[in-house]
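*Asks:* Data: input09.pdb, PDB, C-alpha atoms, pLDDT in the B column.
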ATOM      1  CA  MET A 135      -7.790  16.412  -1.664  1.00 89.00           C
ATOM      2  CA  ILE A 136      -4.093  15.661  -1.281  1.00 90.00           C
ATOM      3  CA  THR A 137      -1.654  18.507  -1.679  1.00 92.00           C
ATOM      4  CA  ILE A 138       1.913  17.765  -2.617  1.00 87.00           C
ATOM      5  CA  PRO A 139       4.513  20.296  -1.506  1.00 90.00           C
ATOM      6  CA  VAL A 140       6.942  21.525  -4.137  1.00 90.00           C
ATOM      7  CA  ILE A 141      10.709  21.550  -3.705  1.00 90.00           C
ATOM      8  CA  SER A 142      12.620  23.257  -6.444  1.00 91.00           C
ATOM      9  CA  ILE A 143      16.301  23.016  -7.273  1.00 90.00           C
ATOM     10  CA  ARG A 144      18.424  25.267  -9.395  1.00 92.00           C
ATOM     11  CA  VAL A 145      20.982  23.968 -11.823  1.00 91.00           C
ATOM     12  CA  PHE A 146      22.978  25.469 -14.650  1.00 93.00           C
ATOM     13  CA  ASN A 147      21.785  24.699 -18.175  1.00 89.00           C
ATOM     14  CA  GLU A 148      24.808  22.442 -18.720  1.00 88.00           C
ATOM     15  CA  GLU A 149      23.849  20.402 -15.628  1.00 92.00           C
ATOM     16  CA  LYS A 150      20.168  20.110 -16.525  1.00 91.00           C
ATOM     17  CA  ASP A 151      20.565  18.000 -19.648  1.00 93.00           C
ATOM     18  CA  PHE A 152      22.208  14.989 -18.028  1.00 94.00           C
ATOM     19  CA  PRO A 153      19.558  14.176 -15.377  1.00 92.00           C
ATOM     20  CA  GLU A 154      16.789  14.814 -17.908  1.00 93.00           C
ATOM     21  CA  LYS A 155      18.357  12.346 -20.341  1.00 94.00           C
ATOM     22  CA  VAL A 156      18.889   9.741 -17.612  1.00 95.00           C
ATOM     23  CA  ALA A 157      15.286  10.194 -16.432  1.00 96.00           C
ATOM     24  CA  ASN A 158      14.012   9.687 -19.971  1.00 95.00           C
ATOM     25  CA  PHE A 159      16.269   6.666 -20.401  1.00 96.00           C
ATOM     26  CA  SER A 160      14.860   5.084 -17.236  1.00 93.00           C
ATOM     27  CA  GLY A 161      11.273   5.835 -18.295  1.00 95.00           C
ATOM     28  CA  ASP A 162      10.633   8.511 -15.669  1.00 95.00           C
ATOM     29  CA  ASN A 163       9.933  12.180 -15.958  1.00 94.00           C
ATOM     30  CA  ILE A 164      12.456  14.494 -14.324  1.00 93.00           C
ATOM     31  CA  SER A 165      10.297  14.978 -11.218  1.00 92.00           C
ATOM     32  CA  GLU A 166       9.952  11.227 -10.556  1.00 94.00           C
ATOM     33  CA  PHE A 167      13.631  10.677 -11.273  1.00 95.00           C
ATOM     34  CA  MET A 168      14.804  13.406  -8.895  1.00 93.00           C
ATOM     35  CA  ARG A 169      12.362  12.424  -6.143  1.00 93.00           C
ATOM     36  CA  ASN A 170      13.263   8.727  -6.293  1.00 95.00           C
ATOM     37  CA  ASN A 171      16.991   9.335  -6.379  1.00 95.00           C
ATOM     38  CA  VAL A 172      16.989  11.945  -3.618  1.00 95.00           C
ATOM     39  CA  LEU A 173      15.034   9.594  -1.353  1.00 95.00           C
ATOM     40  CA  GLN A 174      17.276   6.619  -2.195  1.00 97.00           C
ATOM     41  CA  SER A 175      20.384   8.696  -1.545  1.00 97.00           C
ATOM     42  CA  ALA A 176      19.045   9.955   1.794  1.00 97.00           C
ATOM     43  CA  GLU A 177      18.110   6.413   2.874  1.00 97.00           C
ATOM     44  CA  ALA A 178      21.547   5.109   1.915  1.00 97.00           C
ATOM     45  CA  LEU A 179      23.219   7.883   3.903  1.00 97.00           C
ATOM     46  CA  VAL A 180      21.137   7.119   6.992  1.00 97.00           C
ATOM     47  CA  ASP A 181      21.766   3.376   6.618  1.00 96.00           C
ATOM     48  CA  PHE A 182      25.508   3.950   6.306  1.00 96.00           C
ATOM     49  CA  GLU A 183      25.618   6.166   9.408  1.00 95.00           C
ATOM     50  CA  ILE A 184      23.704   3.527  11.399  1.00 95.00           C
ATOM     51  CA  TYR A 185      26.057   0.835  10.077  1.00 92.00           C
ATOM     52  CA  LYS A 186      29.135   2.818  11.162  1.00 92.00           C
ATOM     53  CA  LYS A 187      27.706   3.293  14.672  1.00 92.00           C
ATOM     54  CA  LEU A 188      26.838  -0.393  14.990  1.00 89.00           C
ATOM     55  CA  ILE A 189      30.285  -1.478  13.782  1.00 86.00           C
ATOM     56  CA  LYS A 190      31.928   0.858  16.280  1.00 87.00           C
ATOM     57  CA  LYS A 191      29.705  -0.495  19.073  1.00 87.00           C
ATOM     58  CA  HIS A 192      30.401  -4.094  18.038  1.00 82.00           C
ATOM     59  CA  GLU A 193      34.156  -3.562  17.940  1.00 82.00           C
ATOM     60  CA  LYS A 194      34.050  -1.895  21.357  1.00 83.00           C
ATOM     61  CA  ASN A 195      32.063  -4.747  22.920  1.00 82.00           C
ATOM     62  CA  ASN A 196      33.451  -7.764  21.041  1.00 73.00           C
ATOM     63  CA  HIS A 197      37.219  -7.591  20.880  1.00 63.00           C
ATOM     64  CA  ASN A 198      37.457 -11.338  20.221  1.00 62.00           C
ATOM     65  CA  HIS A 199      35.271 -11.226  17.092  1.00 64.00           C
ATOM     66  CA  PRO A 200      36.576  -8.633  14.613  1.00 63.00           C
ATOM     67  CA  VAL A 201      34.346  -7.423  11.802  1.00 61.00           C
ATOM     68  CA  GLU A 202      36.812  -8.764   9.213  1.00 64.00           C
ATOM     69  CA  GLY A 203      35.849 -12.293  10.264  1.00 61.00           C
ATOM     70  CA  TRP A 204      32.279 -11.750   9.094  1.00 61.00           C
ATOM     71  CA  LEU A 205      33.162 -12.083   5.426  1.00 58.00           C
TER
END
So, in terms of structure tokens, how does the structure I just supplied come out?

*Replies:*
Amino acid sequence: MITIPVISIRVFNEEKDFPEKVANFSGDNISEFMRNNVLQSAEALVDFEIYKKLIKKHEKNNHNHPVEGWL
């Protein structure tokens, strides 16, 4: 049997309505909506931190090829 740990968050009543409505709009329940969006946000944050480190490393090692030239 698989057990799923529970993480709870506390919000004010005024804050609760908006994510519930967005979850319903997207066809999810509030639990699925919060889980998916927390994971996506965390992944984006990690990706952005890795990107910043790689850009810094690239600029340090490749002075002749600035990042602006990539676009």

*Asks:* Report as a ChimeraX atom specification all protein, DNA and RNA residues lying within 10 Å of range 165-173 of chain A, evaluated on only C-alpha atoms, omitting residues in the same chain fewer than 6 positions from it.

*Replies:* /A:141-143,153-154,156-158,179

*Asks:* Rounded to one decimal, what separation in Å do you get between CA of Phe146 in chain A and CA of Asp162 in chain A?

*Replies:*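 Separation of CA of Phe146 in chain A and CA of Asp162 in chain A: 21.0 Å.
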
*Asks:* Could you put an axis-aligned box around every listed atom of range 144-147 of chain A, padded by 5 Å on each side, and send me its centre and edge lengths in Å to one decimal, as lines of an AutoDock Vina configuration file?

*Replies:*
center_x = 20.7
center_y = 24.7
center_z = -13.8
size_x = 14.6
size_y = 11.5
size_z = 18.8

*Asks:* In Å, how far is it from CA of Arg144 in chain A to CA of Ser175 in chain A?

*Replies:*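 If I compute the distance from CA of Arg144 in chain A to CA of Ser175 in chain A, I get 18.4 Å.
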
*Asks:* Pick from A:Ile164, A:Ala178, A:His192, A:Met135: nearest to Lys150 in chain A, with only C-alpha atoms counted?

*Replies:*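 Nearest candidate to Lys150 in chain A out of A:Ile164, A:Ala178, A:His192, A:Met135: A:Ile164.
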